[in-house]
Structure formats: C-alpha cells, structure tokens
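Undergrad: Below is the file entry-v4.pdb, with PDB, C-alpha atoms, pLDDT in the B column.
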ATOM      1  CA  MET A   1     -43.921 -32.257 -26.409  1.00 52.00           C
ATOM      2  CA  TYR A   2     -42.340 -28.974 -25.302  1.00 48.00           C
ATOM      3  CA  ARG A   3     -45.531 -27.049 -26.117  1.00 53.00           C
ATOM      4  CA  LYS A   4     -47.566 -29.193 -23.723  1.00 53.00           C
ATOM      5  CA  PHE A   5     -45.136 -28.672 -20.847  1.00 49.00           C
ATOM      6  CA  TYR A   6     -44.851 -24.919 -21.376  1.00 48.00           C
ATOM      7  CA  PHE A   7     -48.647 -24.653 -21.542  1.00 50.00           C
ATOM      8  CA  ILE A   8     -48.802 -26.450 -18.179  1.00 49.00           C
ATOM      9  CA  LEU A   9     -46.087 -24.080 -16.901  1.00 47.00           C
ATOM     10  CA  PHE A  10     -48.220 -21.091 -17.964  1.00 46.00           C
ATOM     11  CA  ILE A  11     -51.370 -22.441 -16.282  1.00 46.00           C
ATOM     12  CA  ILE A  12     -49.538 -23.185 -13.022  1.00 46.00           C
ATOM     13  CA  THR A  13     -47.971 -19.731 -13.072  1.00 45.00           C
ATOM     14  CA  ILE A  14     -51.370 -18.056 -13.375  1.00 43.00           C
ATOM     15  CA  SER A  15     -52.784 -20.141 -10.539  1.00 45.00           C
ATOM     16  CA  ILE A  16     -49.984 -19.506  -8.024  1.00 43.00           C
ATOM     17  CA  PHE A  17     -49.411 -15.813  -8.677  1.00 44.00           C
ATOM     18  CA  PRO A  18     -52.249 -13.752  -7.222  1.00 44.00           C
ATOM     19  CA  ARG A  19     -52.745 -10.226  -8.519  1.00 42.00           C
ATOM     20  CA  GLN A  20     -52.898  -8.621  -5.091  1.00 41.00           C
ATOM     21  CA  VAL A  21     -50.569  -9.353  -2.185  1.00 38.00           C
ATOM     22  CA  LYS A  22     -51.150  -7.743   1.192  1.00 41.00           C
ATOM     23  CA  ALA A  23     -48.825  -9.334   3.723  1.00 45.00           C
ATOM     24  CA  GLN A  24     -45.375  -7.778   4.025  1.00 46.00           C
ATOM     25  CA  ASP A  25     -43.623 -11.131   4.225  1.00 57.00           C
ATOM     26  CA  ILE A  26     -45.176 -12.263   0.933  1.00 65.00           C
ATOM     27  CA  ASN A  27     -43.330 -11.592  -2.287  1.00 82.00           C
ATOM     28  CA  GLN A  28     -43.142 -12.945  -5.781  1.00 90.00           C
ATOM     29  CA  GLY A  29     -41.076 -12.394  -8.866  1.00 93.00           C
ATOM     30  CA  PHE A  30     -38.608 -13.775 -11.361  1.00 95.00           C
ATOM     31  CA  ARG A  31     -35.467 -15.827 -10.898  1.00 95.00           C
ATOM     32  CA  ILE A  32     -32.641 -16.569 -13.287  1.00 97.00           C
ATOM     33  CA  GLY A  33     -29.532 -18.568 -12.567  1.00 96.00           C
ATOM     34  CA  LEU A  34     -27.276 -21.566 -12.919  1.00 95.00           C
ATOM     35  CA  LYS A  35     -27.098 -24.993 -11.372  1.00 94.00           C
ATOM     36  CA  ILE A  36     -23.368 -25.490 -11.774  1.00 93.00           C
ATOM     37  CA  PRO A  37     -22.322 -27.622 -13.565  1.00 90.00           C
ATOM     38  CA  TYR A  38     -25.714 -28.804 -14.776  1.00 87.00           C
ATOM     39  CA  THR A  39     -28.396 -26.431 -16.103  1.00 91.00           C
ATOM     40  CA  TYR A  40     -29.414 -22.868 -16.881  1.00 94.00           C
ATOM     41  CA  ASP A  41     -32.664 -21.895 -15.106  1.00 96.00           C
ATOM     42  CA  VAL A  42     -35.252 -19.190 -15.818  1.00 97.00           C
ATOM     43  CA  GLY A  43     -38.455 -19.059 -13.829  1.00 97.00           C
ATOM     44  CA  LEU A  44     -40.801 -17.652 -11.217  1.00 96.00           C
ATOM     45  CA  PHE A  45     -41.119 -17.832  -7.443  1.00 93.00           C
ATOM     46  CA  HIS A  46     -43.866 -17.112  -4.933  1.00 93.00           C
ATOM     47  CA  ARG A  47     -43.182 -16.731  -1.217  1.00 90.00           C
ATOM     48  CA  PHE A  48     -46.609 -16.887   0.394  1.00 87.00           C
ATOM     49  CA  SER A  49     -45.517 -16.664   4.061  1.00 86.00           C
ATOM     50  CA  ASN A  50     -42.389 -16.002   6.093  1.00 85.00           C
ATOM     51  CA  ARG A  51     -41.817 -19.772   6.159  1.00 88.00           C
ATOM     52  CA  PHE A  52     -42.906 -21.205   2.816  1.00 92.00           C
ATOM     53  CA  ALA A  53     -42.372 -20.565  -0.888  1.00 94.00           C
ATOM     54  CA  ILE A  54     -42.558 -22.367  -4.212  1.00 96.00           C
ATOM     55  CA  HIS A  55     -40.777 -21.979  -7.535  1.00 96.00           C
ATOM     56  CA  ILE A  56     -41.311 -23.139 -11.094  1.00 97.00           C
ATOM     57  CA  SER A  57     -38.585 -22.834 -13.721  1.00 96.00           C
ATOM     58  CA  SER A  58     -37.662 -23.787 -17.227  1.00 96.00           C
ATOM     59  CA  GLN A  59     -34.223 -25.399 -17.290  1.00 94.00           C
ATOM     60  CA  PHE A  60     -31.809 -26.014 -20.129  1.00 91.00           C
ATOM     61  CA  ILE A  61     -28.716 -28.155 -20.670  1.00 88.00           C
ATOM     62  CA  THR A  62     -26.347 -26.863 -23.331  1.00 82.00           C
ATOM     63  CA  ILE A  63     -22.695 -25.849 -23.759  1.00 81.00           C
ATOM     64  CA  PRO A  64     -20.636 -26.184 -21.575  1.00 83.00           C
ATOM     65  CA  PHE A  65     -22.848 -28.438 -19.424  1.00 83.00           C
ATOM     66  CA  ASN A  66     -24.134 -30.837 -22.098  1.00 81.00           C
ATOM     67  CA  ASN A  67     -21.891 -33.760 -21.084  1.00 83.00           C
ATOM     68  CA  VAL A  68     -21.934 -33.228 -17.309  1.00 86.00           C
ATOM     69  CA  PRO A  69     -24.596 -35.889 -16.538  1.00 86.00           C
ATOM     70  CA  ILE A  70     -22.484 -38.474 -18.394  1.00 90.00           C
ATOM     71  CA  GLU A  71     -19.301 -37.413 -16.604  1.00 91.00           C
ATOM     72  CA  TYR A  72     -21.004 -37.685 -13.216  1.00 94.00           C
ATOM     73  CA  MET A  73     -22.272 -41.199 -13.942  1.00 96.00           C
ATOM     74  CA  ASN A  74     -18.840 -42.290 -15.163  1.00 96.00           C
ATOM     75  CA  LEU A  75     -17.323 -40.863 -11.978  1.00 95.00           C
ATOM     76  CA  TRP A  76     -19.662 -42.979  -9.831  1.00 96.00           C
ATOM     77  CA  GLY A  77     -18.670 -46.141 -11.746  1.00 96.00           C
ATOM     78  CA  ALA A  78     -21.045 -46.513 -14.702  1.00 96.00           C
ATOM     79  CA  ASP A  79     -20.052 -48.559 -17.759  1.00 96.00           C
ATOM     80  CA  GLU A  80     -18.556 -45.985 -20.133  1.00 95.00           C
ATOM     81  CA  ASN A  81     -19.621 -48.030 -23.163  1.00 95.00           C
ATOM     82  CA  ILE A  82     -23.233 -47.498 -22.054  1.00 95.00           C
ATOM     83  CA  THR A  83     -22.952 -43.826 -21.105  1.00 94.00           C
ATOM     84  CA  ALA A  84     -21.163 -43.157 -24.422  1.00 93.00           C
ATOM     85  CA  ILE A  85     -24.603 -43.448 -26.040  1.00 92.00           C
ATOM     86  CA  LEU A  86     -25.461 -40.145 -24.318  1.00 88.00           C
ATOM     87  CA  ASP A  87     -22.096 -38.540 -25.060  1.00 83.00           C
ATOM     88  CA  ASP A  88     -20.984 -36.363 -28.002  1.00 63.00           C
ATOM     89  CA  PRO A  89     -21.925 -35.241 -30.636  1.00 58.00           C
ATOM     90  CA  PHE A  90     -23.671 -32.187 -29.273  1.00 59.00           C
ATOM     91  CA  MET A  91     -26.735 -32.775 -27.139  1.00 67.00           C
ATOM     92  CA  ILE A  92     -29.340 -30.259 -26.041  1.00 75.00           C
ATOM     93  CA  GLY A  93     -31.901 -30.632 -23.288  1.00 87.00           C
ATOM     94  CA  ALA A  94     -34.808 -28.735 -21.770  1.00 92.00           C
ATOM     95  CA  GLY A  95     -37.316 -29.297 -19.019  1.00 95.00           C
ATOM     96  CA  VAL A  96     -39.228 -28.013 -15.998  1.00 97.00           C
ATOM     97  CA  ASP A  97     -38.234 -27.689 -12.324  1.00 97.00           C
ATOM     98  CA  VAL A  98     -40.899 -27.314  -9.602  1.00 97.00           C
ATOM     99  CA  GLY A  99     -39.890 -26.945  -5.960  1.00 97.00           C
ATOM    100  CA  ALA A 100     -40.927 -25.981  -2.434  1.00 97.00           C
ATOM    101  CA  HIS A 101     -38.864 -23.945   0.072  1.00 95.00           C
ATOM    102  CA  TYR A 102     -38.937 -23.812   3.873  1.00 94.00           C
ATOM    103  CA  TYR A 103     -37.297 -20.742   5.484  1.00 93.00           C
ATOM    104  CA  PHE A 104     -35.736 -20.766   8.941  1.00 89.00           C
ATOM    105  CA  GLY A 105     -33.460 -18.721  11.174  1.00 79.00           C
ATOM    106  CA  THR A 106     -34.038 -15.409  12.919  1.00 72.00           C
ATOM    107  CA  ASP A 107     -32.227 -13.140  10.449  1.00 63.00           C
ATOM    108  CA  ASN A 108     -35.198 -12.320   8.206  1.00 58.00           C
ATOM    109  CA  ARG A 109     -35.519 -16.017   7.378  1.00 71.00           C
ATOM    110  CA  ARG A 110     -32.473 -15.841   5.138  1.00 85.00           C
ATOM    111  CA  TYR A 111     -31.727 -19.561   5.258  1.00 93.00           C
ATOM    112  CA  TYR A 112     -33.887 -22.189   3.630  1.00 95.00           C
ATOM    113  CA  GLY A 113     -34.056 -25.777   2.522  1.00 96.00           C
ATOM    114  CA  GLY A 114     -36.301 -27.491   0.066  1.00 97.00           C
ATOM    115  CA  MET A 115     -37.132 -30.209  -2.408  1.00 97.00           C
ATOM    116  CA  SER A 116     -37.792 -30.124  -6.123  1.00 97.00           C
ATOM    117  CA  ILE A 117     -38.827 -32.421  -8.919  1.00 97.00           C
ATOM    118  CA  GLN A 118     -37.356 -31.934 -12.375  1.00 96.00           C
ATOM    119  CA  TRP A 119     -38.356 -33.314 -15.749  1.00 96.00           C
ATOM    120  CA  MET A 120     -35.752 -33.213 -18.522  1.00 94.00           C
ATOM    121  CA  ASN A 121     -35.851 -34.112 -22.206  1.00 93.00           C
ATOM    122  CA  LEU A 122     -32.550 -34.714 -24.011  1.00 89.00           C
ATOM    123  CA  LEU A 123     -32.171 -35.066 -27.762  1.00 88.00           C
ATOM    124  CA  LYS A 124     -29.054 -36.636 -29.246  1.00 88.00           C
ATOM    125  CA  LYS A 125     -28.576 -36.957 -32.998  1.00 84.00           C
ATOM    126  CA  ASP A 126     -26.084 -38.602 -35.355  1.00 83.00           C
ATOM    127  CA  ILE A 127     -25.022 -41.439 -33.071  1.00 88.00           C
ATOM    128  CA  ASP A 128     -22.345 -43.586 -34.718  1.00 86.00           C
ATOM    129  CA  ASP A 129     -23.161 -47.248 -35.279  1.00 88.00           C
ATOM    130  CA  GLU A 130     -19.940 -48.178 -33.489  1.00 91.00           C
ATOM    131  CA  VAL A 131     -21.179 -46.628 -30.253  1.00 92.00           C
ATOM    132  CA  ILE A 132     -24.140 -49.019 -30.220  1.00 93.00           C
ATOM    133  CA  ASN A 133     -22.035 -51.948 -31.442  1.00 93.00           C
ATOM    134  CA  ASN A 134     -19.510 -51.448 -28.628  1.00 94.00           C
ATOM    135  CA  ALA A 135     -22.185 -50.982 -25.976  1.00 94.00           C
ATOM    136  CA  PHE A 136     -24.164 -54.146 -26.735  1.00 94.00           C
ATOM    137  CA  GLY A 137     -21.873 -56.388 -28.792  1.00 93.00           C
ATOM    138  CA  VAL A 138     -24.013 -56.171 -31.928  1.00 93.00           C
ATOM    139  CA  ASP A 139     -23.368 -55.374 -35.587  1.00 91.00           C
ATOM    140  CA  LEU A 140     -25.942 -52.933 -36.906  1.00 87.00           C
ATOM    141  CA  SER A 141     -24.683 -53.431 -40.467  1.00 84.00           C
ATOM    142  CA  SER A 142     -25.573 -57.143 -40.408  1.00 86.00           C
ATOM    143  CA  SER A 143     -28.681 -58.771 -41.853  1.00 83.00           C
ATOM    144  CA  ASP A 144     -30.127 -59.003 -38.336  1.00 85.00           C
ATOM    145  CA  TYR A 145     -31.212 -55.384 -38.792  1.00 81.00           C
ATOM    146  CA  PRO A 146     -32.962 -55.093 -42.179  1.00 81.00           C
ATOM    147  CA  LEU A 147     -33.201 -51.834 -44.061  1.00 75.00           C
ATOM    148  CA  GLY A 148     -36.126 -49.525 -43.437  1.00 71.00           C
ATOM    149  CA  PRO A 149     -38.168 -47.251 -45.714  1.00 68.00           C
ATOM    150  CA  ILE A 150     -35.384 -44.680 -46.269  1.00 64.00           C
ATOM    151  CA  SER A 151     -31.978 -45.467 -47.750  1.00 59.00           C
ATOM    152  CA  LYS A 152     -28.925 -44.624 -45.667  1.00 60.00           C
ATOM    153  CA  PRO A 153     -27.557 -41.921 -48.047  1.00 61.00           C
ATOM    154  CA  GLN A 154     -30.917 -40.120 -47.850  1.00 61.00           C
ATOM    155  CA  SER A 155     -31.224 -40.395 -44.085  1.00 58.00           C
ATOM    156  CA  THR A 156     -31.156 -37.113 -42.173  1.00 56.00           C
ATOM    157  CA  LYS A 157     -30.926 -38.750 -38.733  1.00 59.00           C
ATOM    158  CA  PRO A 158     -29.008 -42.048 -38.898  1.00 74.00           C
ATOM    159  CA  LEU A 159     -29.424 -42.827 -35.193  1.00 87.00           C
ATOM    160  CA  THR A 160     -31.312 -40.533 -32.833  1.00 89.00           C
ATOM    161  CA  LEU A 161     -31.860 -40.929 -29.092  1.00 92.00           C
ATOM    162  CA  ASN A 162     -34.717 -39.194 -27.291  1.00 93.00           C
ATOM    163  CA  THR A 163     -34.323 -39.379 -23.503  1.00 93.00           C
ATOM    164  CA  ASN A 164     -36.780 -38.309 -20.815  1.00 95.00           C
ATOM    165  CA  TYR A 165     -35.897 -38.476 -17.143  1.00 96.00           C
ATOM    166  CA  VAL A 166     -37.169 -37.216 -13.798  1.00 97.00           C
ATOM    167  CA  ASN A 167     -34.977 -36.076 -10.900  1.00 97.00           C
ATOM    168  CA  LEU A 168     -35.844 -35.656  -7.248  1.00 97.00           C
ATOM    169  CA  GLY A 169     -33.680 -32.943  -5.712  1.00 97.00           C
ATOM    170  CA  VAL A 170     -32.919 -31.469  -2.299  1.00 98.00           C
ATOM    171  CA  PHE A 171     -31.185 -28.150  -1.677  1.00 97.00           C
ATOM    172  CA  PHE A 172     -30.039 -25.801   1.073  1.00 97.00           C
ATOM    173  CA  GLY A 173     -29.604 -22.089   0.458  1.00 96.00           C
ATOM    174  CA  LYS A 174     -28.978 -18.599   1.767  1.00 94.00           C
ATOM    175  CA  ILE A 175     -30.519 -15.291   0.696  1.00 92.00           C
ATOM    176  CA  ILE A 176     -28.005 -12.484   0.096  1.00 91.00           C
ATOM    177  CA  PRO A 177     -29.805  -9.097   0.141  1.00 88.00           C
ATOM    178  CA  LEU A 178     -28.781  -6.311  -2.209  1.00 89.00           C
ATOM    179  CA  TYR A 179     -29.186  -3.312   0.073  1.00 83.00           C
ATOM    180  CA  ASN A 180     -29.076  -0.766  -2.734  1.00 85.00           C
ATOM    181  CA  ASN A 181     -32.056  -2.508  -4.360  1.00 88.00           C
ATOM    182  CA  PRO A 182     -34.767  -3.875  -2.026  1.00 85.00           C
ATOM    183  CA  ASN A 183     -36.500  -5.530  -4.971  1.00 89.00           C
ATOM    184  CA  ALA A 184     -33.500  -7.732  -5.814  1.00 91.00           C
ATOM    185  CA  GLU A 185     -31.455 -10.390  -4.049  1.00 92.00           C
ATOM    186  CA  LEU A 186     -28.976 -13.159  -4.724  1.00 95.00           C
ATOM    187  CA  ARG A 187     -29.345 -16.758  -3.621  1.00 95.00           C
ATOM    188  CA  LEU A 188     -26.597 -19.321  -3.133  1.00 97.00           C
ATOM    189  CA  GLU A 189     -27.516 -22.997  -2.818  1.00 97.00           C
ATOM    190  CA  ILE A 190     -25.964 -26.425  -2.631  1.00 97.00           C
ATOM    191  CA  GLY A 191     -28.041 -29.306  -3.904  1.00 97.00           C
ATOM    192  CA  ILE A 192     -28.105 -32.874  -5.095  1.00 96.00           C
ATOM    193  CA  ASN A 193     -30.437 -34.448  -7.648  1.00 96.00           C
ATOM    194  CA  LYS A 194     -31.227 -38.141  -8.119  1.00 97.00           C
ATOM    195  CA  VAL A 195     -32.763 -39.769 -11.196  1.00 97.00           C
ATOM    196  CA  ILE A 196     -35.945 -41.594 -10.163  1.00 97.00           C
ATOM    197  CA  TYR A 197     -37.322 -42.385 -13.636  1.00 97.00           C
ATOM    198  CA  SER A 198     -36.042 -42.445 -17.205  1.00 97.00           C
ATOM    199  CA  HIS A 199     -37.101 -43.611 -20.649  1.00 97.00           C
ATOM    200  CA  HIS A 200     -34.944 -43.768 -23.781  1.00 96.00           C
ATOM    201  CA  ASN A 201     -36.031 -44.208 -27.400  1.00 95.00           C
ATOM    202  CA  LEU A 202     -33.324 -45.060 -29.954  1.00 94.00           C
ATOM    203  CA  GLN A 203     -34.544 -44.558 -33.533  1.00 89.00           C
ATOM    204  CA  SER A 204     -33.279 -45.132 -37.057  1.00 85.00           C
ATOM    205  CA  ASP A 205     -35.136 -44.101 -40.206  1.00 79.00           C
ATOM    206  CA  TYR A 206     -33.278 -46.500 -42.490  1.00 76.00           C
ATOM    207  CA  ARG A 207     -33.161 -49.713 -40.399  1.00 81.00           C
ATOM    208  CA  TYR A 208     -35.437 -51.797 -38.209  1.00 86.00           C
ATOM    209  CA  ILE A 209     -33.655 -51.883 -34.855  1.00 89.00           C
ATOM    210  CA  THR A 210     -36.446 -52.708 -32.392  1.00 89.00           C
ATOM    211  CA  PRO A 211     -34.402 -55.277 -30.376  1.00 91.00           C
ATOM    212  CA  VAL A 212     -31.546 -52.792 -29.947  1.00 94.00           C
ATOM    213  CA  THR A 213     -34.012 -50.028 -29.074  1.00 94.00           C
ATOM    214  CA  GLU A 214     -35.419 -52.150 -26.248  1.00 96.00           C
ATOM    215  CA  THR A 215     -31.946 -53.077 -24.997  1.00 95.00           C
ATOM    216  CA  THR A 216     -30.844 -49.439 -25.086  1.00 96.00           C
ATOM    217  CA  ASN A 217     -33.825 -48.373 -23.005  1.00 97.00           C
ATOM    218  CA  THR A 218     -33.289 -51.130 -20.427  1.00 97.00           C
ATOM    219  CA  GLU A 219     -29.542 -50.570 -20.041  1.00 96.00           C
ATOM    220  CA  LEU A 220     -29.778 -46.779 -19.829  1.00 96.00           C
ATOM    221  CA  GLN A 221     -32.653 -47.017 -17.337  1.00 97.00           C
ATOM    222  CA  GLU A 222     -30.582 -49.256 -15.071  1.00 97.00           C
ATOM    223  CA  THR A 223     -27.504 -47.041 -15.454  1.00 97.00           C
ATOM    224  CA  MET A 224     -29.328 -43.798 -14.656  1.00 96.00           C
ATOM    225  CA  LYS A 225     -31.228 -45.365 -11.758  1.00 96.00           C
ATOM    226  CA  LYS A 226     -28.005 -46.592 -10.144  1.00 97.00           C
ATOM    227  CA  TYR A 227     -25.534 -43.843 -11.069  1.00 97.00           C
ATOM    228  CA  GLY A 228     -27.755 -40.823 -11.744  1.00 96.00           C
ATOM    229  CA  TRP A 229     -26.606 -38.596  -8.862  1.00 96.00           C
ATOM    230  CA  PHE A 230     -25.969 -34.957  -9.860  1.00 95.00           C
ATOM    231  CA  PRO A 231     -24.606 -32.582  -7.161  1.00 96.00           C
ATOM    232  CA  THR A 232     -24.758 -28.859  -7.924  1.00 95.00           C
ATOM    233  CA  ILE A 233     -23.895 -25.401  -6.630  1.00 96.00           C
ATOM    234  CA  ASN A 234     -26.708 -23.029  -7.556  1.00 97.00           C
ATOM    235  CA  PHE A 235     -26.613 -19.262  -8.088  1.00 97.00           C
ATOM    236  CA  TYR A 236     -29.789 -17.231  -8.644  1.00 97.00           C
ATOM    237  CA  PHE A 237     -30.614 -13.592  -9.179  1.00 96.00           C
ATOM    238  CA  ILE A 238     -34.076 -12.739  -7.850  1.00 94.00           C
ATOM    239  CA  HIS A 239     -36.144  -9.766  -8.984  1.00 93.00           C
ATOM    240  CA  LYS A 240     -39.197  -9.170  -6.795  1.00 90.00           C
ATOM    241  CA  LEU A 241     -42.370  -7.698  -8.171  1.00 87.00           C
ATOM    242  CA  LYS A 242     -43.631  -4.718  -6.220  1.00 72.00           C
ATOM    243  CA  ASN A 243     -46.605  -5.547  -4.006  1.00 60.00           C
TER     244      ASN A 243
END
Kindly present the structure from the file in structure tokens form.
TA:
Amino acid sequence: MYRKFYFILFIITISIFPRQVKAQDINQGFRIGLKIPYTYDVGLFHRFSNRFAIHISSQFITIPFNNVPIEYMNLWGADENITAILDDPFMIGAGVDVGAHYYFGTDNRRYYGGMSIQWMNLLKKDIDDEVINNAFGVDLSSSDYPLGPISKPQSTKPLTLNTNYVNLGVFFGKIIPLYNNPNAELRLEIGINKVIYSHHNLQSDYRYITPVTETTNTELQETMKKYGWFPTINFYFIHKLKN
C-alpha cells in the first residue's frame, strides 16, 4: 500500500515542480518539520505566485506522538474502552499530506492561511483479547469464535488492527525569514484537523472473528467521526531551491 502512495507522491511532485522558474515571487523547495503533538513531516512546496502555493508531504506518527490521537479523542469525551483498541502497545503510522496556501498582508506576504487533506495508515499489533472483550462485551476465547488455520502458539500476530483515515485540516501561519540565508526560512503555524473518513480492519490468524471485525470497524468509525479533532502547532524549516 505504501508503495502505491509514494509512487503517486513522486508523480505529483514531477508535475508541480517545473524545471525553470522566471518570476521573482515564485519559489520552490523542501520542507521538514513537526505538527506538535501529532506528526513528523518531510516534503516539498511550490509557491507559484505571490498569493498562492501548494505543498505535498510524507507524514509519520511515532514516538512520542503515537498515542496523541487517542488522547485527544478521550479528552473530547470518547469511550475509553473503544479508543483503547488504538492504544499501546507501540503503534506506527505513515501517510501523505497535500495542501494549498493563500498569502496575504503587505510585508512580503509573510502571513498565510490554507487547507490540507491528509491520509494516514496506522498499524497496531499484538492487541490483547481483553481489550476487545472489554470494548464489546464479548469473549474471544469462547466457541463463538472458532479456531482458524494457525494455532495460537504459532501465531505471529494474535490480533492486528490496520486503520486508514482521512483528515481535512485548516491552518494559519507566518513566514520567519532567515536574513543570513535568503534560501531558507522558518514557518510557524496553528492548525486543526478533523477526521472525515476512516476504515478499520481487525484481523486474527488463528480465529474466525468476522462479527467482531465488523463491530470494531463500525464503532471506531463512529468514534473517530465524532471525536476525531486534532489541533496542532506546526514548525517547519524551508529550504528554497535556487531559481
């Protein structure tokens, strides 16, 4: 799955980054930064006028941000028995962020606002049976869930959850020039991201758990749709390519 998205990322990058740029208010380059306390971002930007720009980034959730989405949803009032399915043990996530910027103000257009859409994939392994039992009032060790093709002692992934979700985000930022380096700048943003779609696939390689898989998807979809609000403070370092 990741290969397909990074291939798309490569194709989009080629299409939006022209080889020759003539206008002085056009620039392009690389950006690296943090959406605190949410993701690490590495990507590209292209400012094609003094008013408009776009960016495309790879984004990653890992230590110490791996449980932040769960903590936010719990803060807004989500059922902690449901969000515990996404909690520890360690979870890693990766995805793509594509956004558009509009610059305003008279001071070299240093202020901007924008919108972005973000796809994320989260993988969580080794989920305890008790987490699912507590969330849905079931007993995975009962005869209601017959054994699958692999015995439990041989299983390498007792319960695994693969989550995909899409955020719609808005942000407001300021450019901070680095006067000793005209090809570099810092950017400070505030933003908020809202889950607009999610899908969750709970799997076991030693049991048939289709009813619980369907329930898990439904409950997590409803939880993320209602409570999936993720505010951030964003810091980026920008390196401009020479025109």
Undergrad: Could you tell me which of A:Trp119, A:Thr213, A:Gly137, A:Tyr236 comes closest to Tyr197 of chain A if we count all atoms listed in the file?
TA: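 Of the candidates, the smallest distance to Tyr197 of chain A is held by A:Trp119.
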Undergrad: What is the distance, in Å and to one decimal place, between atom CA of Thr39 of chain A and atom CA of Asn180 of chain A?
TA: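 Atom CA of Thr39 of chain A sits 28.9 Å away from atom CA of Asn180 of chain A.
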Undergrad: When you look at segment 138-150 of chain A with a cut-off of 12 Å (counting all atoms listed in the file), what residues show up, excluding the ones that are within fewer than 3 positions of it in the same chain? I need them as a ChimeraX atom specification.
TA: /A:128-135,153-159,203-213,215-216
Undergrad: Applying the PyMOL selection byres ((chain A and resi 217-219) around 8) to the file I just gave you, which residues come out? Please list them as JSON, numbers by chain.
TA: {"A": [82, 199, 200, 201, 202, 213, 214, 215, 216, 220, 221, 222, 223]}
Undergrad: Run the PyMOL selection byres ((chain A and resi 70-72) around 7) against the file shown and list the residues it catches, as a compact mmCIF listing (two decimals) with C-alpha atoms, in the coordinates of the input.
TA:
# COMPACT_ATOMS: atom_id res chain seq x y z
CA ASN A 67 -21.89 -33.76 -21.08
CA VAL A 68 -21.93 -33.23 -17.31
CA PRO A 69 -24.60 -35.89 -16.54
CA MET A 73 -22.27 -41.20 -13.94
CA ASN A 74 -18.84 -42.29 -15.16
CA LEU A 75 -17.32 -40.86 -11.98
CA TRP A 76 -19.66 -42.98 -9.83
CA THR A 83 -22.95 -43.83 -21.10
CA LEU A 86 -25.46 -40.15 -24.32
CA ASP A 87 -22.10 -38.54 -25.06
CA PHE A 230 -25.97 -34.96 -9.86
Undergrad: Between A:Val96, A:Met120, A:Leu241, A:Ala53, which residue has the minimum interatomic distance to Glu185 of chain A, considering all atoms listed in the file?
TA: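 Ranked by minimum distance to Glu185 of chain A, first place goes to A:Leu241.
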Undergrad: Smallest atom-to-atom distance to Gly77 of chain A: which of A:Lys226, A:Glu189, A:Tyr38, A:Asn234, using all atoms listed in the file?
TA: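 For Gly77 of chain A, the nearest of the candidates is A:Lys226.
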Undergrad: Write out, as a Markdown table, each residue of segment 106-215 of chain A that has an atom at most 12 Å from segment 57-61 of chain A, together with the closest pair of atoms and their distance in Å to one decimal, counting only C-alpha atoms, rows going by chain and rising number.
TA:
| residue | atom | partner | partner_atom | distance |
| --- | --- | --- | --- | --- |
| A:Ser116 | CA | A:Ser57 | CA | 10.6 |
| A:Ile117 | CA | A:Ser57 | CA | 10.7 |
| A:Gln118 | CA | A:Gln59 | CA | 8.8 |
| A:Trp119 | CA | A:Gln59 | CA | 9.1 |
| A:Met120 | CA | A:Gln59 | CA | 8.1 |
| A:Asn121 | CA | A:Phe60 | CA | 9.3 |
| A:Leu122 | CA | A:Ile61 | CA | 8.3 |
| A:Leu123 | CA | A:Ile61 | CA | 10.5 |
